[in-house]
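Read through the structure below, which is laid out as structure tokens, and then see the notes.
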Amino acid sequence: MSRLRTAVSGVLAATLAIAGVLVAAPGAQAATANFAKVQEWGGGYEARFTVRNDTATTITSWRVDFDLPAGSTLGSYWDALLTSSGNRHSFTNRTWNGTLTAGASTTFGFIVTGSGTPTNCTVNGGSCSGGSADTQAPSVPGNLRVTGTSTSSVALAWNAATDNVGVTGYDVYRGSTLATSVVGTTSATVGGLSPATAYTFSVRARDAAGNVSAASTTVSATTAPGTVTGTPASINGQLRVCGVQLCNRYGRPIQLRGMSTHGIQWYSQCVNNASLDALAYDWNADVLRISMYIQEGGYETDPRGFTDRVHDYIERATARGMYAIVDWHMLTPGDPNHNLARARTFFTEIAQRHKDKTNILYEVANEPNGVSWASIKSYAEQIIPVIRAQDPDGVVLVGTRAWSSLGLSEGSSETEIVNSPVNASNIMYTFHFYAASHGTTYLNALSRTADRLPVFVTEFGTQTASGDGANDFTRAQQYLDLMATKKISWVNWNFSDDFRSGAVFNAGTCNGSAYTGTGVLKPAGVWVRDRIRTPDNFPTS
């Protein structure tokens, strides 16, 4: 299961440690940040920054900002918090390593896919190599203009700003909300907009020291009118559980097929208008699973920011006629009750805002592990009423024991759920499998369970449980044949360009704009795209 998905130790164990490659040297009058490559392998490397206080007084926090060139992307990271905007990345201290006395230092690290190294590096607003901080802001970008519109996007362009050191990027605002950031260009497309709606935009320039210009003059644009019809969500409408199956508004059993994002704290760059257009119109997907980790740099680090990101992805899926699964991706710790208070807050807002939509499903616990079914059931019976108070009709998906294996991966079975089901209606139980790891025993358990309980496969891969390794397409097809026969809906892991074999896109794809066809796909991506593209069977009588 995905408990190993963010681990890099298996990759790094086979790599060659190399000498540190420094891009900054300590100064004498400021904090410094030294970059080094720790280990490299084909297609990526492990990096470390050392933040040092070269001032004479204690500092209580630090922030390191840098750009990564096109073709290189950040993956997992540790010992810092991360926010990213386009190719610009900002690491800030954790609670335990922000205070540095004079001469003291600390480190943080991350994984990069690609060969590019950080540029335009600043620490606390000054150069990473030390010295006095630059405080001069760039000039205001000029001649902001609209260059195109669609039903869901507005394209903008502007004249370049100037700066005493150099402009490193631009922030584009929709009203007072940051819509997107770009590096190396004076144009941008703002997506996720509603048809036939007026919007106002402005742009600000920023430099390597983090100085930001005043806002440009504003420009207004109205998106094109449009109605999405003939889509999975428009045909099937509000879903509900009938017996042991997922049924559409006509009361007929259906099967949804689609993709899950990778963790949106790592691979948000892969969830954009172009990629979602490909998923909806080239792949013909029915459903998008929005995978929001709670730990590992996820929701707990920025509840407001991640909640807003999920809102945005729901709107983008809705605009394309797909269903959206809101995945509360708890993983470590494995007891969902650890995050119960956070879940209450999150699902209250999500359900309240989207209660009038008919395309939302709520996955309340991704992969419980190391915890009893009784504890998982208790959690579900506390969080489901929170959702029902706002959205009485939405289908709720409940994770099962042992990484959503129906208990099998911890020596149990589906019997514990059958004998003690969650006390709630309109719910389904989730099952996850990875074809190269989970053979006949798991396949047979899914078959038995689907005859007794409503099941939704919210995550599967054709590889091992690490999300990597060789594909077992033969075993995976056995699962898909069973799910087609029993109308079990499924979602594949994952819609990103992560280096592992389970990510559908080739590494570096998400730095570009081409997502259609098979040329951008790994073998697993080609395989699952072909199976999503087969015609749906959505009865309407």
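Residue numbering restarts at 1 for every chain of the structure tokens, chains are lettered A, B, ... in their displayed order, and ligands are numbered from 1 as they appear.
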
Can you check which parts of range 98-122 of chain A lie within 12 Å of range 158-177 of chain A? Per residue, the shortest pair of atoms and distance in Å to one decimal, counting only C-alpha atoms, sorted by chain and number, as JSON lines.
```
{"residue": "A:Thr119", "atom": "CA", "partner": "A:Thr168", "partner_atom": "CA", "distance": 9.6}
{"residue": "A:Asn120", "atom": "CA", "partner": "A:Thr168", "partner_atom": "CA", "distance": 7.3}
{"residue": "A:Cys121", "atom": "CA", "partner": "A:Thr168", "partner_atom": "CA", "distance": 10.3}
{"residue": "A:Thr122", "atom": "CA", "partner": "A:Thr168", "partner_atom": "CA", "distance": 11.5}
```

Keeping only N, CA, C and O atoms, write those residues as a tab-separated table (two decimals), in the first residue's frame.
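Saved result, selection.tsv, follows:
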```tsv
chain	number	residue	atom	x	y	z
A	119	THR	N	18.56	28.26	-8.25
A	119	THR	CA	19.06	29.57	-8.67
A	119	THR	C	18.29	30.65	-7.92
A	119	THR	O	17.25	30.39	-7.31
A	120	ASN	N	18.79	31.88	-7.98
A	120	ASN	CA	18.13	33.03	-7.34
A	120	ASN	C	17.83	32.73	-5.87
A	120	ASN	O	16.73	32.98	-5.38
A	121	CYS	N	18.81	32.21	-5.17
A	121	CYS	CA	18.62	31.76	-3.79
A	121	CYS	C	18.71	32.93	-2.81
A	121	CYS	O	19.64	33.74	-2.87
A	122	THR	N	17.74	33.00	-1.90
A	122	THR	CA	17.78	33.99	-0.83
A	122	THR	C	17.49	33.31	0.49
A	122	THR	O	16.78	32.31	0.55
```

From the DSSP assignment of the backbone, select every residue of range 136-277 of chain A that is alpha helix (DSSP H), and format the answer as an mmCIF file with N, CA, C and O atoms, in the first residue's frame.
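See states_34.cif below for the written result:
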```cif
data_model
loop_
_atom_site.group_PDB
_atom_site.id
_atom_site.type_symbol
_atom_site.label_atom_id
_atom_site.label_comp_id
_atom_site.auth_asym_id
_atom_site.auth_seq_id
_atom_site.Cartn_x
_atom_site.Cartn_y
_atom_site.Cartn_z
ATOM 1 N N PRO A 232 -20.019 12.415 -17.495
ATOM 2 C CA PRO A 232 -20.417 11.459 -16.455
ATOM 3 C C PRO A 232 -21.287 12.072 -15.367
ATOM 4 O O PRO A 232 -22.303 11.489 -14.965
ATOM 5 N N ALA A 233 -20.913 13.261 -14.879
ATOM 6 C CA ALA A 233 -21.668 13.869 -13.793
ATOM 7 C C ALA A 233 -23.035 14.367 -14.252
ATOM 8 O O ALA A 233 -24.010 14.291 -13.504
ATOM 9 N N SER A 234 -23.113 14.897 -15.486
ATOM 10 C CA SER A 234 -24.402 15.405 -15.946
ATOM 11 C C SER A 234 -25.363 14.273 -16.280
ATOM 12 O O SER A 234 -26.578 14.411 -16.118
ATOM 13 N N ILE A 235 -24.854 13.144 -16.737
ATOM 14 C CA ILE A 235 -25.717 12.001 -17.052
ATOM 15 C C ILE A 235 -26.224 11.339 -15.769
ATOM 16 O O ILE A 235 -27.424 11.080 -15.620
ATOM 17 N N ASN A 236 -25.317 11.081 -14.842
ATOM 18 C CA ASN A 236 -25.662 10.271 -13.671
ATOM 19 C C ASN A 236 -26.201 11.071 -12.502
ATOM 20 O O ASN A 236 -26.911 10.529 -11.656
ATOM 21 N N ASN A 273 -5.135 23.155 -15.804
ATOM 22 C CA ASN A 273 -6.208 23.101 -16.801
ATOM 23 C C ASN A 273 -5.881 22.162 -17.951
ATOM 24 O O ASN A 273 -6.734 21.402 -18.418
ATOM 25 N N ALA A 274 -4.644 22.190 -18.421
ATOM 26 C CA ALA A 274 -4.280 21.340 -19.556
ATOM 27 C C ALA A 274 -4.319 19.864 -19.175
ATOM 28 O O ALA A 274 -4.824 19.027 -19.939
ATOM 29 N N SER A 275 -3.787 19.521 -18.004
ATOM 30 C CA SER A 275 -3.778 18.106 -17.601
ATOM 31 C C SER A 275 -5.188 17.610 -17.326
ATOM 32 O O SER A 275 -5.533 16.468 -17.666
ATOM 33 N N LEU A 276 -6.023 18.455 -16.709
ATOM 34 C CA LEU A 276 -7.396 18.031 -16.426
ATOM 35 C C LEU A 276 -8.238 17.961 -17.696
ATOM 36 O O LEU A 276 -9.145 17.126 -17.803
ATOM 37 N N ASP A 277 -7.945 18.829 -18.656
ATOM 38 C CA ASP A 277 -8.607 18.699 -19.960
ATOM 39 C C ASP A 277 -8.265 17.348 -20.588
ATOM 40 O O ASP A 277 -9.135 16.666 -21.153
#
```

May I have the residues within 6 Å of range 65-75 of chain A as a PDB file with N, CA and C atoms, in the first residue's frame, using only C-alpha atoms and disregarding those fewer than 5 positions away in the same chain?
```pdb
ATOM      1  N   ASN A  87       7.763  27.747 -10.426  1.00  0.00           N
ATOM      2  CA  ASN A  87       9.098  27.202 -10.205  1.00  0.00           C
ATOM      3  C   ASN A  87       9.792  27.788  -8.981  1.00  0.00           C
ATOM      4  N   ARG A  88       9.100  28.673  -8.246  1.00  0.00           N
ATOM      5  CA  ARG A  88       9.673  29.314  -7.064  1.00  0.00           C
ATOM      6  C   ARG A  88       9.272  28.529  -5.821  1.00  0.00           C
ATOM      7  N   HIS A  89      10.240  28.166  -4.988  1.00  0.00           N
ATOM      8  CA  HIS A  89       9.994  27.339  -3.818  1.00  0.00           C
ATOM      9  C   HIS A  89      10.503  28.037  -2.568  1.00  0.00           C
ATOM     10  N   SER A  90       9.715  27.958  -1.501  1.00  0.00           N
ATOM     11  CA  SER A  90      10.060  28.618  -0.247  1.00  0.00           C
ATOM     12  C   SER A  90      10.032  27.594   0.883  1.00  0.00           C
ATOM     13  N   ILE A 111      14.133  15.954  -2.349  1.00  0.00           N
ATOM     14  CA  ILE A 111      14.428  15.174  -3.541  1.00  0.00           C
ATOM     15  C   ILE A 111      14.067  16.000  -4.776  1.00  0.00           C
ATOM     16  N   VAL A 112      14.924  15.993  -5.774  1.00  0.00           N
ATOM     17  CA  VAL A 112      14.664  16.667  -7.045  1.00  0.00           C
ATOM     18  C   VAL A 112      14.623  15.619  -8.154  1.00  0.00           C
ATOM     19  N   THR A 113      13.580  15.665  -8.964  1.00  0.00           N
ATOM     20  CA  THR A 113      13.532  14.889 -10.197  1.00  0.00           C
ATOM     21  C   THR A 113      14.012  15.787 -11.322  1.00  0.00           C
ATOM     22  N   GLY A 114      15.083  15.393 -12.001  1.00  0.00           N
ATOM     23  CA  GLY A 114      15.717  16.242 -12.988  1.00  0.00           C
ATOM     24  C   GLY A 114      17.127  16.600 -12.534  1.00  0.00           C
ATOM     25  N   GLY A 116      18.415  19.961 -12.693  1.00  0.00           N
ATOM     26  CA  GLY A 116      18.580  21.378 -12.391  1.00  0.00           C
ATOM     27  C   GLY A 116      18.853  21.638 -10.919  1.00  0.00           C
ATOM     28  N   PRO A 118      19.245  24.776  -7.674  1.00  0.00           N
ATOM     29  CA  PRO A 118      18.618  26.041  -7.301  1.00  0.00           C
ATOM     30  C   PRO A 118      19.339  27.267  -7.863  1.00  0.00           C
ATOM     31  N   THR A 119      18.560  28.262  -8.249  1.00  0.00           N
ATOM     32  CA  THR A 119      19.060  29.572  -8.666  1.00  0.00           C
ATOM     33  C   THR A 119      18.290  30.648  -7.917  1.00  0.00           C
ATOM     34  N   ASN A 120      18.790  31.883  -7.977  1.00  0.00           N
ATOM     35  CA  ASN A 120      18.131  33.032  -7.340  1.00  0.00           C
ATOM     36  C   ASN A 120      17.829  32.735  -5.872  1.00  0.00           C
ATOM     37  N   CYS A 121      18.811  32.211  -5.173  1.00  0.00           N
ATOM     38  CA  CYS A 121      18.616  31.760  -3.793  1.00  0.00           C
ATOM     39  C   CYS A 121      18.709  32.931  -2.809  1.00  0.00           C
ATOM     40  N   THR A 122      17.742  33.003  -1.901  1.00  0.00           N
ATOM     41  CA  THR A 122      17.780  33.993  -0.832  1.00  0.00           C
ATOM     42  C   THR A 122      17.492  33.306   0.491  1.00  0.00           C
ATOM     43  N   TRP A 266       3.107  17.902  -3.081  1.00  0.00           N
ATOM     44  CA  TRP A 266       4.303  17.627  -3.873  1.00  0.00           C
ATOM     45  C   TRP A 266       4.086  17.850  -5.363  1.00  0.00           C
ATOM     46  N   GLY A 508       9.194  15.057 -15.788  1.00  0.00           N
ATOM     47  CA  GLY A 508       9.322  16.349 -16.442  1.00  0.00           C
ATOM     48  C   GLY A 508       8.112  16.774 -17.232  1.00  0.00           C
ATOM     49  N   ASN A 511       6.188  19.994 -16.245  1.00  0.00           N
ATOM     50  CA  ASN A 511       6.800  21.303 -16.487  1.00  0.00           C
ATOM     51  C   ASN A 511       6.379  21.882 -17.826  1.00  0.00           C
TER      52      ASN A 511
END
```

In Å, how far is it from CA of Asp54 in chain A to CA of Ser76 in chain A?
->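 If I compute the distance from CA of Asp54 in chain A to CA of Ser76 in chain A, I get 28.4 Å.
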
(message) Just want the 12 Å neighbourhood of Arg240 in chain A, counted on only C-alpha atoms, with same-chain residues fewer than 6 positions away dropped. Output as a ChimeraX atom specification.
(response) /A:246-254,358-361,392-397,425-428,454

Practice problem: Would you please work out which residue, of A:Ala389, A:Ala365, A:His311, A:Gly109, is nearest to Arg353 in chain A when using only C-alpha atoms? | Solution: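 For Arg353 in chain A, the nearest of the given residues is A:His311.
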
Q.
Need the shell around Arg52 in chain A: protein/DNA/RNA residues with any atom at most 8 Å away, counting only C-alpha atoms. Skip same-chain ones fewer than 2 positions apart. Format as a PyMOL selection string?
A. chain A and resi 26+31-33+50+54+100+103-106

Can I get the selected residues back with C-alpha atoms, as a short mmCIF file (atom, residue, chain, number, x, y, z; two decimals), in the first residue's frame?
```cif
data_model
loop_
_atom_site.label_atom_id
_atom_site.label_comp_id
_atom_site.auth_asym_id
_atom_site.auth_seq_id
_atom_site.Cartn_x
_atom_site.Cartn_y
_atom_site.Cartn_z
CA PRO A 26 29.30 31.73 4.03
CA ALA A 31 22.49 34.30 7.56
CA THR A 32 23.70 32.00 4.77
CA ALA A 33 22.28 28.93 3.06
CA THR A 50 22.69 24.11 5.50
CA ASP A 54 26.61 34.26 10.64
CA LEU A 100 19.79 29.65 15.71
CA GLY A 103 27.33 30.68 14.59
CA ALA A 104 24.78 27.87 14.85
CA SER A 105 23.42 25.98 11.85
CA THR A 106 20.70 23.52 10.84
#
```

Exercise: Asp497 in chain A partners within 9 Å, only C-alpha atoms, chain neighbours under 6 positions left out, as an MDAnalysis selection string:
chainID A and resid 267 270 503:510 521

Requested in this report: Write out as a list of chain:residue names each polymer residue whose atoms come within 9 Å of Val422 in chain A, counting only C-alpha atoms; drop sequence neighbours fewer than 4 positions from it.
Outcome: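 These residues fall inside the cut-off: A:Lys377, A:Ser378, A:Ala380, A:Glu381, A:Val398, A:Ile417, A:Ile427.
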
Go ahead and save the residues from that selection, with C-alpha atoms, as an mmCIF file, in the first residue's frame.
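Dumped to out36.cif:
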```cif
data_model
loop_
_atom_site.group_PDB
_atom_site.id
_atom_site.type_symbol
_atom_site.label_atom_id
_atom_site.label_comp_id
_atom_site.auth_asym_id
_atom_site.auth_seq_id
_atom_site.Cartn_x
_atom_site.Cartn_y
_atom_site.Cartn_z
ATOM 1 C CA LYS A 377 -15.566 2.386 12.840
ATOM 2 C CA SER A 378 -15.695 4.758 15.814
ATOM 3 C CA ALA A 380 -16.295 6.984 10.830
ATOM 4 C CA GLU A 381 -19.355 7.224 13.063
ATOM 5 C CA VAL A 398 -14.792 4.674 4.607
ATOM 6 C CA ILE A 417 -16.613 -5.401 8.762
ATOM 7 C CA ILE A 427 -21.609 4.716 2.568
#
```

Determine, for each residue of range 431-534 of chain A having at least one atom at most 8 Å from an atom of range 285-295 of chain A, the closest pair of atoms and their separation in Å to one decimal, counting only C-alpha atoms; order by chain and ascending number, as JSON lines.
```
{"residue": "A:Thr458", "atom": "CA", "partner": "A:Arg289", "partner_atom": "CA", "distance": 7.8}
{"residue": "A:Val491", "atom": "CA", "partner": "A:Arg289", "partner_atom": "CA", "distance": 7.3}
{"residue": "A:Ile532", "atom": "CA", "partner": "A:Ala285", "partner_atom": "CA", "distance": 6.0}
{"residue": "A:Arg533", "atom": "CA", "partner": "A:Ala285", "partner_atom": "CA", "distance": 7.1}
```

Print the selection's residues with all heavy atoms to a file, as an mmCIF file, in the first residue's frame.
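Saved as selection-v1.cif:
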```cif
data_model
loop_
_atom_site.group_PDB
_atom_site.id
_atom_site.type_symbol
_atom_site.label_atom_id
_atom_site.label_comp_id
_atom_site.auth_asym_id
_atom_site.auth_seq_id
_atom_site.Cartn_x
_atom_site.Cartn_y
_atom_site.Cartn_z
ATOM 1 N N THR A 458 -10.666 2.896 -4.293
ATOM 2 C CA THR A 458 -10.248 4.293 -4.460
ATOM 3 C C THR A 458 -8.766 4.427 -4.782
ATOM 4 O O THR A 458 -8.295 5.547 -4.994
ATOM 5 C CB THR A 458 -10.570 5.123 -3.209
ATOM 6 O OG1 THR A 458 -10.001 4.486 -2.058
ATOM 7 C CG2 THR A 458 -12.071 5.260 -3.026
ATOM 8 N N VAL A 491 -10.233 3.809 -9.035
ATOM 9 C CA VAL A 491 -9.365 4.953 -9.282
ATOM 10 C C VAL A 491 -7.922 4.463 -9.237
ATOM 11 O O VAL A 491 -7.530 3.733 -8.329
ATOM 12 C CB VAL A 491 -9.580 6.060 -8.230
ATOM 13 C CG1 VAL A 491 -8.566 7.173 -8.402
ATOM 14 C CG2 VAL A 491 -10.994 6.621 -8.324
ATOM 15 N N ILE A 532 -9.454 3.283 -19.138
ATOM 16 C CA ILE A 532 -10.400 4.347 -18.796
ATOM 17 C C ILE A 532 -11.173 4.789 -20.029
ATOM 18 O O ILE A 532 -12.353 5.148 -19.951
ATOM 19 C CB ILE A 532 -9.657 5.539 -18.152
ATOM 20 C CG1 ILE A 532 -9.124 5.156 -16.769
ATOM 21 C CG2 ILE A 532 -10.566 6.764 -18.030
ATOM 22 C CD1 ILE A 532 -8.272 6.219 -16.104
ATOM 23 N N ARG A 533 -10.517 4.754 -21.178
ATOM 24 C CA ARG A 533 -11.123 5.247 -22.419
ATOM 25 C C ARG A 533 -12.210 4.322 -22.978
ATOM 26 O O ARG A 533 -12.959 4.739 -23.854
ATOM 27 C CB ARG A 533 -10.042 5.432 -23.483
ATOM 28 C CG ARG A 533 -9.242 6.716 -23.321
ATOM 29 C CD ARG A 533 -8.021 6.721 -24.225
ATOM 30 N NE ARG A 533 -8.371 6.625 -25.635
ATOM 31 C CZ ARG A 533 -8.665 7.654 -26.421
ATOM 32 N NH1 ARG A 533 -8.653 8.890 -25.931
ATOM 33 N NH2 ARG A 533 -8.932 7.480 -27.690
#
```

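Taking only C-alpha atoms into account, Asn284 in chain A lies nearest to A:Thr231 out of the set A:Ser127, A:Thr400, A:Thr57, A:Thr231.
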
Using only C-alpha atoms, the shortest atom-to-atom distance to Gly502 in chain A among A:Gly469, A:Gly407, A:Gly44, A:Gly191 belongs to A:Gly469

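The gap separating CA of Met330 in chain A from CA of Phe460 in chain A is 16.4 Å, in Å to one decimal.
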
Judged by only C-alpha atoms, the minimum distance to Leu408 in chain A among A:Ser375, A:Thr449, A:Thr135, A:Thr348 is found for A:Thr449

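Each of A:Phe35, A:Tyr323, A:Trp62, A:Trp96 was checked against Phe110 in chain A using only C-alpha atoms; the smallest atom-to-atom distance is that of A:Phe35.
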
One decimal place gives the CA of Ala341 in chain A-CA of Arg309 in chain A separation as 19.8 Å

Identify which of the residues A:Thr217, A:Asn34, A:Thr440, A:Ser187 lies closest to Ala47 in chain A, counting only C-alpha atoms when measuring atom-to-atom distances.
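Nearest to Ala47 in chain A: A:Asn34.
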
Determine, for each residue of range 423-476 of chain A having at least one atom at most 12 Å from an atom of range 523-529 of chain A, the closest pair of atoms and their separation in Å to one decimal, counting only C-alpha atoms; order by chain and ascending number, as CSV.
```
residue,atom,partner,partner_atom,distance
A:Ala435,CA,A:Ala524,CA,11.7
A:Phe460,CA,A:Val528,CA,10.6
A:Gly461,CA,A:Ala524,CA,8.4
A:Thr462,CA,A:Ala524,CA,6.9
A:Gln463,CA,A:Ala524,CA,8.5
A:Gly467,CA,A:Ala524,CA,10.8
A:Asp468,CA,A:Ala524,CA,10.4
A:Gly469,CA,A:Ala524,CA,10.8
A:Ala470,CA,A:Ala524,CA,9.5
A:Asn471,CA,A:Ala524,CA,7.1
A:Asp472,CA,A:Ala524,CA,9.5
A:Phe473,CA,A:Trp527,CA,8.1
A:Thr474,CA,A:Trp527,CA,11.1
A:Ala476,CA,A:Val528,CA,9.9
```

Take the selection from the previous step and output its residues with C-alpha atoms, as a PDB file, in the first residue's frame.
```
ATOM      1  CA  ALA A 435      -1.179  -5.953  -8.585  1.00  0.00           C
ATOM      2  CA  PHE A 460      -4.769   0.714  -7.112  1.00  0.00           C
ATOM      3  CA  GLY A 461      -1.575   0.280  -9.085  1.00  0.00           C
ATOM      4  CA  THR A 462      -0.134  -2.223 -11.497  1.00  0.00           C
ATOM      5  CA  GLN A 463       3.161  -2.278  -9.550  1.00  0.00           C
ATOM      6  CA  GLY A 467       3.968   2.388  -6.181  1.00  0.00           C
ATOM      7  CA  ASP A 468       7.154   1.420  -8.010  1.00  0.00           C
ATOM      8  CA  GLY A 469       8.796  -1.567  -9.637  1.00  0.00           C
ATOM      9  CA  ALA A 470       7.761  -3.815 -12.501  1.00  0.00           C
ATOM     10  CA  ASN A 471       4.169  -3.789 -13.715  1.00  0.00           C
ATOM     11  CA  ASP A 472       2.028  -6.920 -13.417  1.00  0.00           C
ATOM     12  CA  PHE A 473      -0.526  -6.123 -16.085  1.00  0.00           C
ATOM     13  CA  THR A 474      -1.849  -9.697 -16.131  1.00  0.00           C
ATOM     14  CA  ALA A 476      -4.128  -6.070 -12.788  1.00  0.00           C
TER      15      ALA A 476
END
```
